[in-house]
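Participant: Dropping in work27.tsv, with TSV, C-alpha atoms.
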chain	number	residue	atom	x	y	z
A	2	ALA	CA	29.21	43.40	22.25
A	3	PRO	CA	29.44	39.63	22.81
A	4	PRO	CA	28.62	37.44	19.79
A	5	PRO	CA	25.04	36.17	19.65
A	6	PRO	CA	24.51	32.75	21.20
A	7	PRO	CA	24.63	29.89	18.69
A	8	PRO	CA	21.21	28.74	17.52
A	9	SER	CA	19.87	25.91	19.61
A	10	PRO	CA	20.24	22.67	17.66
A	11	THR	CA	17.04	21.31	16.22
A	12	PRO	CA	16.77	17.57	16.63
A	13	SER	CA	16.89	15.92	13.25
A	14	PHE	CA	15.45	12.61	12.26
A	15	ASP	CA	16.13	10.49	9.24
A	16	PRO	CA	13.00	10.69	7.09
A	17	VAL	CA	11.11	7.39	7.18
A	18	ALA	CA	8.97	5.95	4.40
A	19	ALA	CA	5.42	4.77	5.03
A	20	ARG	CA	5.43	1.11	6.04
A	21	PRO	CA	2.71	-1.49	6.57
A	22	ALA	CA	1.23	-1.57	10.07
A	23	ASN	CA	-0.67	-4.79	9.34
A	24	ASN	CA	0.33	-7.90	7.39
A	25	PRO	CA	0.42	-7.23	3.61
A	26	GLY	CA	-0.42	-10.91	3.14
A	27	SER	CA	-3.85	-10.23	4.67
A	28	TRP	CA	-4.77	-7.45	2.24
A	29	VAL	CA	-5.70	-9.85	-0.60
A	30	THR	CA	-6.31	-13.53	0.18
A	31	GLN	CA	-7.41	-16.71	-1.60
A	32	SER	CA	-10.91	-16.16	-0.23
A	33	ASP	CA	-11.12	-12.98	-2.33
A	34	TYR	CA	-11.02	-15.10	-5.51
A	35	ARG	CA	-14.51	-15.13	-7.03
A	36	SER	CA	-15.76	-18.42	-8.43
A	37	SER	CA	-16.51	-16.72	-11.77
A	38	TRP	CA	-12.82	-15.72	-12.00
A	39	ILE	CA	-11.71	-19.28	-11.27
A	40	SER	CA	-13.97	-20.67	-14.01
A	41	ARG	CA	-12.45	-18.14	-16.45
A	42	ASP	CA	-8.86	-18.98	-15.33
A	43	TYR	CA	-8.19	-15.39	-14.26
A	44	ALA	CA	-4.68	-15.14	-12.83
A	45	GLY	CA	-1.73	-12.79	-12.89
A	46	GLN	CA	0.36	-10.32	-10.95
A	47	VAL	CA	-0.87	-6.79	-10.27
A	48	GLY	CA	1.63	-4.09	-9.31
A	49	PHE	CA	0.20	-1.17	-7.34
A	50	ARG	CA	1.21	2.06	-5.62
A	51	VAL	CA	-0.81	3.63	-2.82
A	52	LYS	CA	-0.68	7.16	-1.51
A	53	VAL	CA	-0.61	7.01	2.28
A	54	GLY	CA	-1.88	10.00	4.23
A	55	ALA	CA	-0.25	11.38	7.37
A	56	SER	CA	-2.94	9.44	9.28
A	57	GLY	CA	-1.65	6.13	7.88
A	58	LYS	CA	-4.80	5.54	5.80
A	59	VAL	CA	-4.64	4.74	2.09
A	60	GLU	CA	-5.89	7.79	0.17
A	61	ASN	CA	-5.39	6.59	-3.37
A	62	CYS	CA	-4.38	3.44	-5.25
A	63	ALA	CA	-3.08	3.08	-8.78
A	64	VAL	CA	-2.22	-0.03	-10.78
A	65	THR	CA	1.41	0.26	-11.90
A	66	ARG	CA	1.53	-3.11	-13.71
A	67	SER	CA	-1.60	-4.75	-15.04
A	68	SER	CA	-2.29	-8.46	-14.78
A	69	GLY	CA	-4.03	-8.19	-18.14
A	70	VAL	CA	-7.36	-8.85	-16.39
A	71	SER	CA	-9.17	-5.64	-15.46
A	72	ALA	CA	-11.29	-7.39	-12.80
A	73	LEU	CA	-8.14	-8.48	-10.92
A	74	ASP	CA	-6.54	-5.05	-11.31
A	75	GLN	CA	-9.63	-3.28	-9.92
A	76	ALA	CA	-10.09	-5.80	-7.10
A	77	THR	CA	-6.45	-5.34	-6.03
A	78	CYS	CA	-6.85	-1.59	-5.51
A	79	GLN	CA	-10.28	-1.96	-3.86
A	80	LEU	CA	-9.03	-4.55	-1.37
A	81	VAL	CA	-5.71	-2.85	-0.61
A	82	THR	CA	-7.45	0.50	-0.10
A	83	ARG	CA	-9.94	-1.07	2.32
A	84	ARG	CA	-7.59	-3.37	4.27
A	85	ALA	CA	-4.09	-1.89	4.26
A	86	ARG	CA	-2.99	0.15	7.29
A	87	PHE	CA	0.28	2.00	7.52
A	88	ASP	CA	2.64	3.68	9.91
A	89	PRO	CA	2.83	7.02	8.11
A	90	ALA	CA	5.99	8.42	6.58
A	91	LYS	CA	7.94	10.83	8.79
A	92	ASN	CA	9.85	13.91	7.71
A	93	GLY	CA	13.19	15.26	8.97
A	94	GLN	CA	11.46	16.77	12.03
A	95	GLY	CA	9.87	13.43	12.93
A	96	ARG	CA	6.36	14.58	11.95
A	97	ALA	CA	3.93	12.28	10.15
A	98	VAL	CA	3.59	13.23	6.49
A	99	ALA	CA	1.99	11.77	3.38
A	100	GLY	CA	4.01	9.11	1.61
A	101	SER	CA	3.61	6.21	-0.77
A	102	TYR	CA	4.07	2.45	-0.82
A	103	SER	CA	4.46	0.10	-3.78
A	104	GLY	CA	3.70	-3.58	-3.84
A	105	ALA	CA	2.33	-6.42	-5.92
A	106	VAL	CA	-0.38	-9.05	-5.58
A	107	LEU	CA	-0.08	-12.43	-7.24
A	108	TRP	CA	-3.48	-13.83	-8.12
A	109	GLN	CA	-3.02	-17.61	-8.41
A	110	LEU	CA	-5.81	-20.04	-9.14
A	111	PRO	CA	-6.61	-22.05	-6.00
A	112	ASP	CA	-5.87	-25.78	-6.15
Would you write the structure of this file as structure tokens?

Facilitator:
Amino acid sequence: APPPPPPSPTPSFDPVAARPANNPGSWVTQSDYRSSWISRDYAGQVGFRVKVGASGKVENCAVTRSSGVSALDQATCQLVTRRARFDPAKNGQGRAVAGSYSGAVLWQLPD
């Protein structure tokens, strides 16, 4: 009997990480600074990681490095969750899958 035909090759893709679909600089802006925070000199850098669903929407946000000011930490995750949009991660078959994205927000007192 002849040998079986070779399996048809499955196209393979390099997996791709989730990446921002809108400008990360627009997720948290100077206009998000509350006047009460300015009067208290609240400032600092907040590191965060978001879980991005296969739809590209943020499903979860966690602070990975605190600014030392809980109000700024909480505001970072609230704003990023609401405003960030992503091109979802893709697996080896090119299908959209859940992924994650890490970033940081620097809260600087306005001049």

Participant: Between A:Pro89, A:Pro25, A:Gly95, A:Pro4, which is the closest to Gly54 in chain A once you count all atoms listed in the file?

Facilitator: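 Nearest to Gly54 in chain A: A:Pro89.
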
Participant: Set the distance at 8 Å and use only C-alpha atoms: which residues neighbour range 26-40 of chain A once local chain neighbours fewer than 4 positions away are removed? I'd like the list as a list of chain:residue names.

Facilitator: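 What passes the distance filter is A:Thr77, A:Leu80, A:Val81, A:Arg84, A:Ala85, A:Val106, A:Leu110, A:Pro111.
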
Participant: Quick one, how far is CA of Ser68 in chain A from CA of Ala44 in chain A?

Facilitator: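 A separation of 7.4 Å between them.
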
Participant: Measuring atom to atom with all atoms listed in the file, identify which of A:Val47, A:Leu73, A:Ala2, A:Val17 is nearest to Gln94 in chain A.

Facilitator: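 Using all atoms listed in the file, Gln94 in chain A sits closest to A:Val17.
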
Participant: For Arg86 in chain A, list every protein, DNA or RNA residue within 12 Å, evaluated using all atoms listed in the file, and leave out those in the same chain fewer than 5 positions away; present the list as a PyMOL selection string.

Facilitator: chain A and resi 19-25+27-28+51-60+80-81+102

Participant: Figure out the distance between CA of Gly45 in chain A and CA of Ser71 in chain A, please, to one decimal in Å.

Facilitator: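 The value is 10.6 Å.
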
Participant: So how far away is CA of Asn61 in chain A from CA of Leu107 in chain A, in Å?

Facilitator: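 Interatomic distance here is 20.1 Å.
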
Participant: Closest to Gly104 in chain A among A:Cys62, A:Pro3, A:Tyr43, A:Asp15, using all atoms listed in the file?

Facilitator: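 Comparing A:Cys62, A:Pro3, A:Tyr43, A:Asp15 against Gly104 in chain A, the winner is A:Cys62.
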
Participant: Around range 14-24 of chain A, with edges along x, y and z and 5 Å added on all six sides, what centre and edge lengths do you get, in Å to one decimal, as AutoDock Vina command-line options?

Facilitator:
--center_x 7.7 --center_y 2.4 --center_z 8.3 --size_x 26.8 --size_y 30.5 --size_z 17.9
